[in-house]
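Reading through the structure tokens given below for one structure.
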Amino acid sequence: MAHERAGGQTLVHEAMAARFSVQVVHDPPQYAWQAVCAAFDQLDMLEGQLSRFVEGSDVWRINRLRPGETAVVALDTFRCLALALELQQRTGGAFDVTYRSQPTSLPAERLGLRSGRSAVQMLASGVEVDLGGIGKGYALDQMATVLAEWEVTTARLAASSSTILALEPPPGEPGWLLTYGNTSGLRRRHLSRAAFSGSGVSVKGHHIRDPHTGLAAGRRVRAWARARSAAQADALSTAFMVMSGEAVARYCRDACPAEQVQAFLLEEPDDELRALPDSAFWEDSSKEVL
Amino acid sequence: MKRREFLSSSLAAGAGTLLMSNHRAVGEAADPELDVALIGAGIHGRTLLNCLLASGGVRIRAVCDVWPYRRNAAVYYLEAFGQKTVGFEDYRQMLDQVDGLQAVVVATPDFVHAEQTLASLQAGLHVYCEAPMARTFEQARAMAEAAEQTGKLLQVGYQRRSSPRYQLVAENLLGEAELLGDITAAGSQWNQPELWEQGWPQRLTLPAADLQKYGYADMRQFRNWRWFTRYSAGPFVSAAVHQVDVLNRLLGTPPRAVLAAGGADFFDDRQCHDHVTAIFEYPHEARTIRATCQVLTTTRGTAGSHELLVGTEGSLRTSDNPQWFTVFREPTAADWNVWVRQGFLVRPERAASSVPTPDSGGLLHVEETGLVEEYRLPLTADKSSLHYHIENFLQSIRGKARLNCPAETALASEAAVLRALEAVEAKRQLPIRAEDA
């Protein structure tokens with residue numbers, strides 16, 4: 001599961017149909033290894049709650065509610081769903097965890113959340129929840145919480161290569177190095193205390209659906225989102241595949257500064273990458289071809 | 001509703017798939033609320049808490065754990081559900097100080113199950129105790145006797161007993177349809193993912209005096225109790241009790257003898273066996289059914305956990321994971337269409353033969369060798385087996401159900417699996433005495 005690297009160790013674990021990895025720098029290494037294992041335990045528990053494929057999971061139970069029925073769910077499920085519905089509203093429906101539902105109800109009128117009881121009420125028929133667009137990012141945030149309990153602070157967590165959560169940078173480094181962009185212009189950036197996520201159609205094809213039309217999202221080939229939380233970055237990278245450039249710019253402008261939201265859009269494979277806003281957290285002037 | 005009525009109504013509705021609704025509709029009369037406490041707030045305790053909360057009609061009045069880290073996290077967690085829960089370090093103080101408790105859920109290390117269950121029963125509480133029941137068979141038997149003497153319910157955490165999928169198999173496929181013909185062999189396999197060593201946040205280390213007060217040698221053993229014989233009979237017993245209980249139920253009898261081998265082969269720093277293979281002998285009319293039972297803790301877990309029954313007409317693979325649950329029809333077996341029509345099975349998508357086999361006239365249709373027909377169960381569960389099992393416990397307290405796994409039922413499986421460990425040491429076949437079960 002683990003292998004040593006200079007300046008730290010990397011541990012991997014399969015969950016949520018993805019390979020999660022944690023690169024961690026901490027002394028003693030054995031303590032860090034155990035802390036990451038505890039984070040993976042948390043990940044496994046979350047998969048059992050958030051996956052729509054696991055029989056008996058919270059999402060499985062929600063998807064089998066009839067209109068008017070209520071299910072009490074684990075607190076993480078409730079919080080993840082609450083964040084998803086908030087982002088659904090803020091993105092004008094471009095991010096929608098009920099996109100698989102029958103189009104006989106409005107997305108905003110499908111689920112009711114009762115805080116204080118951690119309960120979800122089904123408001124319409126034919127509703128199906130799929131947290132695939134936010135669950136892995138949410139899991140990374142919760143894994144980071146476990147590491148913080150263990151006082152392990154220097155780490156980079158990743159769900160496959162699509163969503164990254166960077167904690168404190170390695171000693172002497174400005175952040176955890178990553179690249180993004182297209183082959184004609186890869187960007188190298190250092191990320192710390194923030195998350196970064198990418199979506200696109202180049203690898204898995206047109207798998208992202210526009211919730212407004214039910215059709216494959218074809219507005220652009222790739223989109224990246226930077227945000228303070230991995231759940232938000234994960235969800236926004238999907239939403240930014242669907243939203244117009246103007247809508248993305250408006251979202252980034254209206255976001256609270258503490259959310260650290262920035263978008264990077266690639267309309268066509270050979271286009272120039274567009275950053276929105278262009279100088280919020282990462283300036284876009286230092287393109288580097290690798 | 002009986003199983004048959006349940007099947008009929010669902011199929012009549014054209015569902016094709018059985019859905020067991022478990023959620024209360026708005027306006028439906030609520031069950032009376034029960035006052036419950038949890039002893040042991042670790043990862044499994046958290047899962048049981050979620051099942052209790054999801055079942056509804058429960059007030060979690062108290063949570064007990066010797067580790068403040070777990071205890072405080074559970075109390076804080078329950079606040080989000082509107083629960084007013086008090087945390088306790090010592091379960092005895094909890095039993096003394098919390099008035100009005102009706103039930104306790106025990107999810108602690110195996111070696112304290114018995115004392116906590118006995119004290120709770122004697123305090124007049126119903127108990128849900130995680131499996132295995134206890135560290136030793138004598139403790140388990142004392143628990144069952146105490147339940148009988150006090151008249152309180154003692155549900156043992158063999159959650160497959162409450163799974164609608166296993167119920168369908170026991171009552172319909174084997175009980176009514178006798179689908180497999182004569183059962184000739186059985187087995188079970190549990191490929192547990194490698195259990196990594198559990199650490200702990202350094203700042204949350206329990207003082208040595210506290211650890212000793214509660215029976216632990218040190219913090220490492222406290223966190224990894226499953227690997228030390230002082231606290232647990234080991235992973236084999238923890239896993240195999242569930243599967244042997246399935247075999248006991250489906251074969252209709254406990255085993256009468258066991259031969260076993262095993263050892264701590266893979267991990268050199270753990271006391272309990274990391275791999276055990278046992279062969280149980282079940283009496284079956286005038287014959288013997290032999291059942292292999294293997295538990296590994298050295299794998300990636302991808303091979304899953306499942307039980308197997310082999311008969312003259314077909315084979316059945318059961319599992320808590322629905323992906324593994326399959327029924328195979330022998331090519332020479334009688335037609336199973338009648339059971340498909342009755343809603344016991346779902347026909348495989350690809351038929352074994354392109355032309356119906358004639359049943360008279362001596363005409364023989366010739367073509368390539370047929371495929372083994374792989375049938376599925378027409379059932380989708382609404383929730384996990386554990387969730388069903390907890391609900392069965394709560395409804396039994398309310399007088400609306402009967403326990404699916406009372407202690408006296410679980411004893412036979414506890415006896416068999418603990419006897420298998422003795423057979424490992426004895427290196428020979430040992431009888432499993434009827435009085436043990």
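Going through the structure tokens in order, the chains are called A, B, and so on, while each chain numbers its residues from 1 and the ligands are numbered from 1 in the order shown.
Any residue of chain A with an atom no more than 8 Å from chain B counts as a contact; using only C-alpha atoms, that gives Tyr31, Gln34, Ala35, Cys37, Ala38, Glu55, Gly56, Ser57, Trp60, Arg61, Arg64, Leu65, Gly68, Glu69, Thr70, Ala71, Val72, Val73, Ala74, Leu75, Ser115, Gly116, Arg117, Ser118, Glu149, Trp150 and Glu151 of chain A.
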Using only C-alpha atoms, which protein or nucleic acid residues come within 10 Å of range 96-112 of chain A? Drop anything in the same chain fewer than 3 positions from it, and give the result as a ChimeraX atom specification. /A:62-63,67-68,70,81-82,84-89,91-93,115,119-134,209-214,235,238-239
What does the file look like for those residues with C-alpha atoms, as a PDB file, in the first residue's frame?
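Listed below is the output, again-v3.pdb:
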```pdb
ATOM      1  CA  ILE A  62     -32.759   8.065  -0.242  1.00  0.00           C
ATOM      2  CA  ASN A  63     -33.197   6.839  -3.804  1.00  0.00           C
ATOM      3  CA  PRO A  67     -42.727  11.200  -2.068  1.00  0.00           C
ATOM      4  CA  GLY A  68     -43.398  12.372   1.459  1.00  0.00           C
ATOM      5  CA  THR A  70     -38.154  10.756   5.227  1.00  0.00           C
ATOM      6  CA  LEU A  81     -25.964  16.651   0.379  1.00  0.00           C
ATOM      7  CA  ALA A  82     -26.506  20.080   1.951  1.00  0.00           C
ATOM      8  CA  ALA A  84     -24.397  19.840  -3.025  1.00  0.00           C
ATOM      9  CA  LEU A  85     -27.800  21.539  -2.888  1.00  0.00           C
ATOM     10  CA  GLU A  86     -26.168  24.850  -1.976  1.00  0.00           C
ATOM     11  CA  LEU A  87     -23.845  24.569  -4.984  1.00  0.00           C
ATOM     12  CA  GLN A  88     -26.788  23.568  -7.156  1.00  0.00           C
ATOM     13  CA  GLN A  89     -28.431  26.849  -6.265  1.00  0.00           C
ATOM     14  CA  THR A  91     -24.412  27.490 -10.045  1.00  0.00           C
ATOM     15  CA  GLY A  92     -27.913  28.017 -11.376  1.00  0.00           C
ATOM     16  CA  GLY A  93     -28.434  24.273 -11.582  1.00  0.00           C
ATOM     17  CA  SER A 115     -31.169  20.166   9.862  1.00  0.00           C
ATOM     18  CA  ALA A 119     -33.086  13.916   7.804  1.00  0.00           C
ATOM     19  CA  VAL A 120     -33.808  13.946   4.078  1.00  0.00           C
ATOM     20  CA  GLN A 121     -37.360  14.164   2.810  1.00  0.00           C
ATOM     21  CA  MET A 122     -38.320  13.078  -0.688  1.00  0.00           C
ATOM     22  CA  LEU A 123     -40.502  15.725  -2.290  1.00  0.00           C
ATOM     23  CA  ALA A 124     -41.128  14.291  -5.753  1.00  0.00           C
ATOM     24  CA  SER A 125     -41.321  10.981  -7.580  1.00  0.00           C
ATOM     25  CA  GLY A 126     -38.643   9.606  -9.893  1.00  0.00           C
ATOM     26  CA  VAL A 127     -35.793  11.295  -8.055  1.00  0.00           C
ATOM     27  CA  GLU A 128     -32.320   9.762  -8.067  1.00  0.00           C
ATOM     28  CA  VAL A 129     -29.367  11.182  -6.167  1.00  0.00           C
ATOM     29  CA  ASP A 130     -25.827  10.677  -7.428  1.00  0.00           C
ATOM     30  CA  LEU A 131     -23.058  12.207  -5.326  1.00  0.00           C
ATOM     31  CA  GLY A 132     -20.394  11.115  -7.818  1.00  0.00           C
ATOM     32  CA  GLY A 133     -19.624  14.727  -8.706  1.00  0.00           C
ATOM     33  CA  ILE A 134     -18.831  15.794  -5.154  1.00  0.00           C
ATOM     34  CA  ARG A 209     -24.456  15.819 -18.635  1.00  0.00           C
ATOM     35  CA  ASP A 210     -25.933  19.291 -18.687  1.00  0.00           C
ATOM     36  CA  PRO A 211     -28.654  19.015 -16.024  1.00  0.00           C
ATOM     37  CA  HIS A 212     -30.733  21.610 -17.840  1.00  0.00           C
ATOM     38  CA  THR A 213     -31.018  19.565 -21.044  1.00  0.00           C
ATOM     39  CA  GLY A 214     -30.018  16.038 -20.056  1.00  0.00           C
ATOM     40  CA  ALA A 235     -18.317  20.014  -7.809  1.00  0.00           C
ATOM     41  CA  THR A 238     -18.081  19.692 -13.239  1.00  0.00           C
ATOM     42  CA  ALA A 239     -20.310  22.768 -13.148  1.00  0.00           C
TER      43      ALA A 239
END
```
Using only C-alpha atoms: which of B:Phe267, B:Tyr69, B:Phe111, B:Tyr128 has the shortest distance to Val36 in chain B: B:Tyr128
Surrounding residues of range 312-317 of chain B excluding itself and chain neighbours under 6 positions, 8 Å, only C-alpha atoms, as number ranges by chain: B: 179-184, 306, 324-330, 332-334
Based on DSSP run over this structure's backbone, return all residues of range 21-118 of chain B in alpha helix (DSSP H), as a PDB file with N, CA, C and O atoms, in the first residue's frame.
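Output file selection-v1.pdb is given in full below:
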```pdb
ATOM      1  N   ILE B  43     -15.508   2.484  15.596  1.00  0.00           N
ATOM      2  CA  ILE B  43     -16.032   2.571  14.230  1.00  0.00           C
ATOM      3  C   ILE B  43     -17.314   1.761  14.088  1.00  0.00           C
ATOM      4  O   ILE B  43     -18.299   2.226  13.508  1.00  0.00           O
ATOM      5  N   HIS B  44     -17.323   0.538  14.640  1.00  0.00           N
ATOM      6  CA  HIS B  44     -18.539  -0.257  14.514  1.00  0.00           C
ATOM      7  C   HIS B  44     -19.659   0.313  15.382  1.00  0.00           C
ATOM      8  O   HIS B  44     -20.826   0.275  15.002  1.00  0.00           O
ATOM      9  N   GLY B  45     -19.298   0.849  16.531  1.00  0.00           N
ATOM     10  CA  GLY B  45     -20.302   1.504  17.361  1.00  0.00           C
ATOM     11  C   GLY B  45     -20.954   2.663  16.631  1.00  0.00           C
ATOM     12  O   GLY B  45     -22.169   2.877  16.732  1.00  0.00           O
ATOM     13  N   ARG B  46     -20.160   3.423  15.861  1.00  0.00           N
ATOM     14  CA  ARG B  46     -20.710   4.524  15.077  1.00  0.00           C
ATOM     15  C   ARG B  46     -21.693   3.996  14.023  1.00  0.00           C
ATOM     16  O   ARG B  46     -22.758   4.584  13.799  1.00  0.00           O
ATOM     17  N   THR B  47     -21.343   2.879  13.392  1.00  0.00           N
ATOM     18  CA  THR B  47     -22.247   2.292  12.398  1.00  0.00           C
ATOM     19  C   THR B  47     -23.558   1.865  13.051  1.00  0.00           C
ATOM     20  O   THR B  47     -24.645   2.090  12.501  1.00  0.00           O
ATOM     21  N   LEU B  48     -23.468   1.258  14.236  1.00  0.00           N
ATOM     22  CA  LEU B  48     -24.688   0.862  14.943  1.00  0.00           C
ATOM     23  C   LEU B  48     -25.510   2.077  15.359  1.00  0.00           C
ATOM     24  O   LEU B  48     -26.743   2.059  15.288  1.00  0.00           O
ATOM     25  N   LEU B  49     -24.820   3.142  15.764  1.00  0.00           N
ATOM     26  CA  LEU B  49     -25.538   4.386  16.097  1.00  0.00           C
ATOM     27  C   LEU B  49     -26.335   4.879  14.893  1.00  0.00           C
ATOM     28  O   LEU B  49     -27.500   5.271  15.012  1.00  0.00           O
ATOM     29  N   ASN B  50     -25.690   4.869  13.728  1.00  0.00           N
ATOM     30  CA  ASN B  50     -26.389   5.323  12.523  1.00  0.00           C
ATOM     31  C   ASN B  50     -27.616   4.455  12.233  1.00  0.00           C
ATOM     32  O   ASN B  50     -28.648   4.955  11.794  1.00  0.00           O
ATOM     33  N   CYS B  51     -27.486   3.154  12.458  1.00  0.00           N
ATOM     34  CA  CYS B  51     -28.644   2.262  12.254  1.00  0.00           C
ATOM     35  C   CYS B  51     -29.753   2.580  13.260  1.00  0.00           C
ATOM     36  O   CYS B  51     -30.936   2.593  12.902  1.00  0.00           O
ATOM     37  N   LEU B  52     -29.383   2.820  14.510  1.00  0.00           N
ATOM     38  CA  LEU B  52     -30.384   3.168  15.522  1.00  0.00           C
ATOM     39  C   LEU B  52     -31.104   4.457  15.145  1.00  0.00           C
ATOM     40  O   LEU B  52     -32.338   4.547  15.204  1.00  0.00           O
ATOM     41  N   LEU B  53     -30.336   5.458  14.730  1.00  0.00           N
ATOM     42  CA  LEU B  53     -30.923   6.755  14.377  1.00  0.00           C
ATOM     43  C   LEU B  53     -31.810   6.626  13.141  1.00  0.00           C
ATOM     44  O   LEU B  53     -32.896   7.204  13.075  1.00  0.00           O
ATOM     45  N   ALA B  54     -31.348   5.856  12.175  1.00  0.00           N
ATOM     46  CA  ALA B  54     -32.120   5.694  10.937  1.00  0.00           C
ATOM     47  C   ALA B  54     -33.396   4.897  11.177  1.00  0.00           C
ATOM     48  O   ALA B  54     -34.383   5.063  10.454  1.00  0.00           O
ATOM     49  N   SER B  55     -33.375   4.035  12.196  1.00  0.00           N
ATOM     50  CA  SER B  55     -34.569   3.242  12.493  1.00  0.00           C
ATOM     51  C   SER B  55     -35.685   4.101  13.069  1.00  0.00           C
ATOM     52  O   SER B  55     -36.860   3.772  12.942  1.00  0.00           O
ATOM     53  N   PRO B  68     -11.850   8.954  25.932  1.00  0.00           N
ATOM     54  CA  PRO B  68     -12.581  10.221  25.763  1.00  0.00           C
ATOM     55  C   PRO B  68     -12.682  10.657  24.300  1.00  0.00           C
ATOM     56  O   PRO B  68     -13.675  11.285  23.911  1.00  0.00           O
ATOM     57  N   TYR B  69     -11.678  10.355  23.509  1.00  0.00           N
ATOM     58  CA  TYR B  69     -11.676  10.712  22.083  1.00  0.00           C
ATOM     59  C   TYR B  69     -12.928  10.166  21.395  1.00  0.00           C
ATOM     60  O   TYR B  69     -13.645  10.892  20.694  1.00  0.00           O
ATOM     61  N   ARG B  70     -13.197   8.890  21.593  1.00  0.00           N
ATOM     62  CA  ARG B  70     -14.369   8.273  20.977  1.00  0.00           C
ATOM     63  C   ARG B  70     -15.665   8.736  21.646  1.00  0.00           C
ATOM     64  O   ARG B  70     -16.665   9.000  20.988  1.00  0.00           O
ATOM     65  N   ARG B  71     -15.620   8.791  22.961  1.00  0.00           N
ATOM     66  CA  ARG B  71     -16.833   9.114  23.718  1.00  0.00           C
ATOM     67  C   ARG B  71     -17.321  10.535  23.377  1.00  0.00           C
ATOM     68  O   ARG B  71     -18.497  10.735  23.061  1.00  0.00           O
ATOM     69  N   ASN B  72     -16.409  11.487  23.420  1.00  0.00           N
ATOM     70  CA  ASN B  72     -16.806  12.872  23.155  1.00  0.00           C
ATOM     71  C   ASN B  72     -17.246  13.062  21.706  1.00  0.00           C
ATOM     72  O   ASN B  72     -18.176  13.822  21.419  1.00  0.00           O
ATOM     73  N   ALA B  73     -16.571  12.358  20.798  1.00  0.00           N
ATOM     74  CA  ALA B  73     -16.963  12.463  19.378  1.00  0.00           C
ATOM     75  C   ALA B  73     -18.381  11.946  19.182  1.00  0.00           C
ATOM     76  O   ALA B  73     -19.172  12.535  18.423  1.00  0.00           O
ATOM     77  N   ALA B  74     -18.727  10.873  19.883  1.00  0.00           N
ATOM     78  CA  ALA B  74     -20.075  10.312  19.734  1.00  0.00           C
ATOM     79  C   ALA B  74     -21.131  11.253  20.301  1.00  0.00           C
ATOM     80  O   ALA B  74     -22.192  11.462  19.694  1.00  0.00           O
ATOM     81  N   VAL B  75     -20.855  11.830  21.464  1.00  0.00           N
ATOM     82  CA  VAL B  75     -21.822  12.764  22.070  1.00  0.00           C
ATOM     83  C   VAL B  75     -22.015  13.975  21.165  1.00  0.00           C
ATOM     84  O   VAL B  75     -23.139  14.427  20.919  1.00  0.00           O
ATOM     85  N   TYR B  76     -20.912  14.505  20.648  1.00  0.00           N
ATOM     86  CA  TYR B  76     -20.978  15.649  19.734  1.00  0.00           C
ATOM     87  C   TYR B  76     -21.745  15.279  18.462  1.00  0.00           C
ATOM     88  O   TYR B  76     -22.574  16.044  17.972  1.00  0.00           O
ATOM     89  N   TYR B  77     -21.473  14.094  17.960  1.00  0.00           N
ATOM     90  CA  TYR B  77     -22.152  13.621  16.742  1.00  0.00           C
ATOM     91  C   TYR B  77     -23.660  13.566  16.955  1.00  0.00           C
ATOM     92  O   TYR B  77     -24.449  14.009  16.119  1.00  0.00           O
ATOM     93  N   LEU B  78     -24.053  13.049  18.113  1.00  0.00           N
ATOM     94  CA  LEU B  78     -25.483  12.869  18.378  1.00  0.00           C
ATOM     95  C   LEU B  78     -26.219  14.194  18.560  1.00  0.00           C
ATOM     96  O   LEU B  78     -27.429  14.274  18.343  1.00  0.00           O
ATOM     97  N   GLU B  79     -25.493  15.237  18.955  1.00  0.00           N
ATOM     98  CA  GLU B  79     -26.126  16.562  19.069  1.00  0.00           C
ATOM     99  C   GLU B  79     -26.730  16.991  17.737  1.00  0.00           C
ATOM    100  O   GLU B  79     -27.770  17.656  17.706  1.00  0.00           O
ATOM    101  N   TYR B  91     -19.183   1.802  32.204  1.00  0.00           N
ATOM    102  CA  TYR B  91     -20.567   1.388  31.944  1.00  0.00           C
ATOM    103  C   TYR B  91     -21.349   1.170  33.241  1.00  0.00           C
ATOM    104  O   TYR B  91     -22.574   1.321  33.275  1.00  0.00           O
ATOM    105  N   ARG B  92     -20.632   0.829  34.326  1.00  0.00           N
ATOM    106  CA  ARG B  92     -21.338   0.594  35.599  1.00  0.00           C
ATOM    107  C   ARG B  92     -21.956   1.894  36.122  1.00  0.00           C
ATOM    108  O   ARG B  92     -23.075   1.901  36.636  1.00  0.00           O
ATOM    109  N   GLN B  93     -21.216   2.980  35.971  1.00  0.00           N
ATOM    110  CA  GLN B  93     -21.774   4.281  36.373  1.00  0.00           C
ATOM    111  C   GLN B  93     -22.983   4.622  35.500  1.00  0.00           C
ATOM    112  O   GLN B  93     -23.980   5.171  35.975  1.00  0.00           O
ATOM    113  N   MET B  94     -22.869   4.302  34.228  1.00  0.00           N
ATOM    114  CA  MET B  94     -23.985   4.587  33.327  1.00  0.00           C
ATOM    115  C   MET B  94     -25.238   3.818  33.757  1.00  0.00           C
ATOM    116  O   MET B  94     -26.332   4.384  33.833  1.00  0.00           O
ATOM    117  N   LEU B  95     -25.063   2.540  34.048  1.00  0.00           N
ATOM    118  CA  LEU B  95     -26.221   1.740  34.466  1.00  0.00           C
ATOM    119  C   LEU B  95     -26.796   2.259  35.783  1.00  0.00           C
ATOM    120  O   LEU B  95     -28.011   2.224  36.008  1.00  0.00           O
ATOM    121  N   ASP B  96     -25.937   2.751  36.656  1.00  0.00           N
ATOM    122  CA  ASP B  96     -26.404   3.265  37.950  1.00  0.00           C
ATOM    123  C   ASP B  96     -27.136   4.601  37.819  1.00  0.00           C
ATOM    124  O   ASP B  96     -28.097   4.865  38.529  1.00  0.00           O
ATOM    125  N   GLN B  97     -26.647   5.442  36.922  1.00  0.00           N
ATOM    126  CA  GLN B  97     -27.069   6.849  36.959  1.00  0.00           C
ATOM    127  C   GLN B  97     -28.142   7.242  35.939  1.00  0.00           C
ATOM    128  O   GLN B  97     -28.786   8.271  36.105  1.00  0.00           O
ATOM    129  N   HIS B 113     -17.674  -8.286  26.489  1.00  0.00           N
ATOM    130  CA  HIS B 113     -19.090  -8.480  26.121  1.00  0.00           C
ATOM    131  C   HIS B 113     -19.871  -9.120  27.258  1.00  0.00           C
ATOM    132  O   HIS B 113     -20.985  -8.711  27.578  1.00  0.00           O
ATOM    133  N   ALA B 114     -19.291 -10.167  27.837  1.00  0.00           N
ATOM    134  CA  ALA B 114     -20.044 -10.957  28.822  1.00  0.00           C
ATOM    135  C   ALA B 114     -20.374 -10.132  30.051  1.00  0.00           C
ATOM    136  O   ALA B 114     -21.527 -10.063  30.475  1.00  0.00           O
ATOM    137  N   GLU B 115     -19.372  -9.475  30.644  1.00  0.00           N
ATOM    138  CA  GLU B 115     -19.643  -8.747  31.895  1.00  0.00           C
ATOM    139  C   GLU B 115     -20.611  -7.591  31.640  1.00  0.00           C
ATOM    140  O   GLU B 115     -21.482  -7.307  32.460  1.00  0.00           O
ATOM    141  N   GLN B 116     -20.469  -6.921  30.488  1.00  0.00           N
ATOM    142  CA  GLN B 116     -21.356  -5.784  30.208  1.00  0.00           C
ATOM    143  C   GLN B 116     -22.780  -6.255  29.904  1.00  0.00           C
ATOM    144  O   GLN B 116     -23.754  -5.628  30.323  1.00  0.00           O
ATOM    145  N   THR B 117     -22.888  -7.356  29.191  1.00  0.00           N
ATOM    146  CA  THR B 117     -24.218  -7.893  28.876  1.00  0.00           C
ATOM    147  C   THR B 117     -24.902  -8.414  30.138  1.00  0.00           C
ATOM    148  O   THR B 117     -26.086  -8.139  30.372  1.00  0.00           O
ATOM    149  N   LEU B 118     -24.155  -9.151  30.955  1.00  0.00           N
ATOM    150  CA  LEU B 118     -24.745  -9.691  32.188  1.00  0.00           C
ATOM    151  C   LEU B 118     -25.207  -8.567  33.115  1.00  0.00           C
ATOM    152  O   LEU B 118     -26.318  -8.603  33.659  1.00  0.00           O
TER     153      LEU B 118
END
```
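Relative to CA of Ala166 in chain A, CA of Val36 in chain A is found at 14.4 Å.
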Computed gap from CA of Arg300 in chain B to CA of Thr154 in chain A is 28.0 Å
Taking 3 positions as the minimum chain separation for residues in the same chain, which residues sit within 8 Å of Val221 in chain A when counting only C-alpha atoms? Answer as a ChimeraX atom specification. /A:200-202,218,241,266-269
Run DSSP on the backbone and give me the residues of range 84-287 of chain A it puts in strand (DSSP E), as a VMD selection string. chain A and resid 111 to 114 119 to 122 155 to 159 163 to 166 176 to 182 185 to 191 194 to 200 222 to 227 262 to 266 274 to 276
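Every protein, DNA or RNA residue with an atom at most 12 Å from Leu11 in chain A, where only C-alpha atoms count and chain neighbours fewer than 5 positions away do not, is listed here: Met1, Ala2, His3, Glu4, Arg5, Arg19, Phe20, Ser21, Val22, Gln23, Val24, Val25, Pro29, Gln30, Ala32, Trp33, Gln34, Ala35, Val36, Cys37, Ala38, Ala39, Phe40, Ala155, Arg156, Leu157 and Ala158 of chain A.
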Selection from above, C-alpha atoms, as an mmCIF file, in the first residue's frame, can you write it?
```cif
data_model
loop_
_atom_site.group_PDB
_atom_site.id
_atom_site.type_symbol
_atom_site.label_atom_id
_atom_site.label_comp_id
_atom_site.auth_asym_id
_atom_site.auth_seq_id
_atom_site.Cartn_x
_atom_site.Cartn_y
_atom_site.Cartn_z
ATOM 1 C CA MET A 1 0.000 0.000 0.000
ATOM 2 C CA ALA A 2 2.810 2.399 0.713
ATOM 3 C CA HIS A 3 6.101 3.286 -0.811
ATOM 4 C CA GLU A 4 8.786 5.594 0.444
ATOM 5 C CA ARG A 5 9.857 8.656 -1.463
ATOM 6 C CA ARG A 19 -7.385 5.378 -6.455
ATOM 7 C CA PHE A 20 -6.917 7.668 -3.504
ATOM 8 C CA SER A 21 -3.386 8.648 -2.587
ATOM 9 C CA VAL A 22 -1.847 10.574 0.260
ATOM 10 C CA GLN A 23 1.680 11.922 0.071
ATOM 11 C CA VAL A 24 2.757 12.866 3.556
ATOM 12 C CA VAL A 25 5.842 14.355 5.152
ATOM 13 C CA PRO A 29 7.070 8.061 9.282
ATOM 14 C CA GLN A 30 5.360 5.153 11.061
ATOM 15 C CA ALA A 32 2.206 9.284 9.631
ATOM 16 C CA TRP A 33 1.475 5.887 8.085
ATOM 17 C CA GLN A 34 -0.983 5.093 10.871
ATOM 18 C CA ALA A 35 -2.601 8.505 10.560
ATOM 19 C CA VAL A 36 -3.151 7.991 6.844
ATOM 20 C CA CYS A 37 -4.576 4.518 7.530
ATOM 21 C CA ALA A 38 -7.066 6.146 9.908
ATOM 22 C CA ALA A 39 -7.951 8.573 7.102
ATOM 23 C CA PHE A 40 -8.495 5.623 4.751
ATOM 24 C CA ALA A 155 0.347 16.293 3.052
ATOM 25 C CA ARG A 156 -1.176 16.203 -0.393
ATOM 26 C CA LEU A 157 -4.324 14.132 -0.846
ATOM 27 C CA ALA A 158 -5.660 13.062 -4.213
#
```
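The smallest atom-to-atom distance between Arg59 in chain B and any of B:Glu425, B:Leu154, B:Leu394, B:Arg230, using only C-alpha atoms, is found for B:Leu394.
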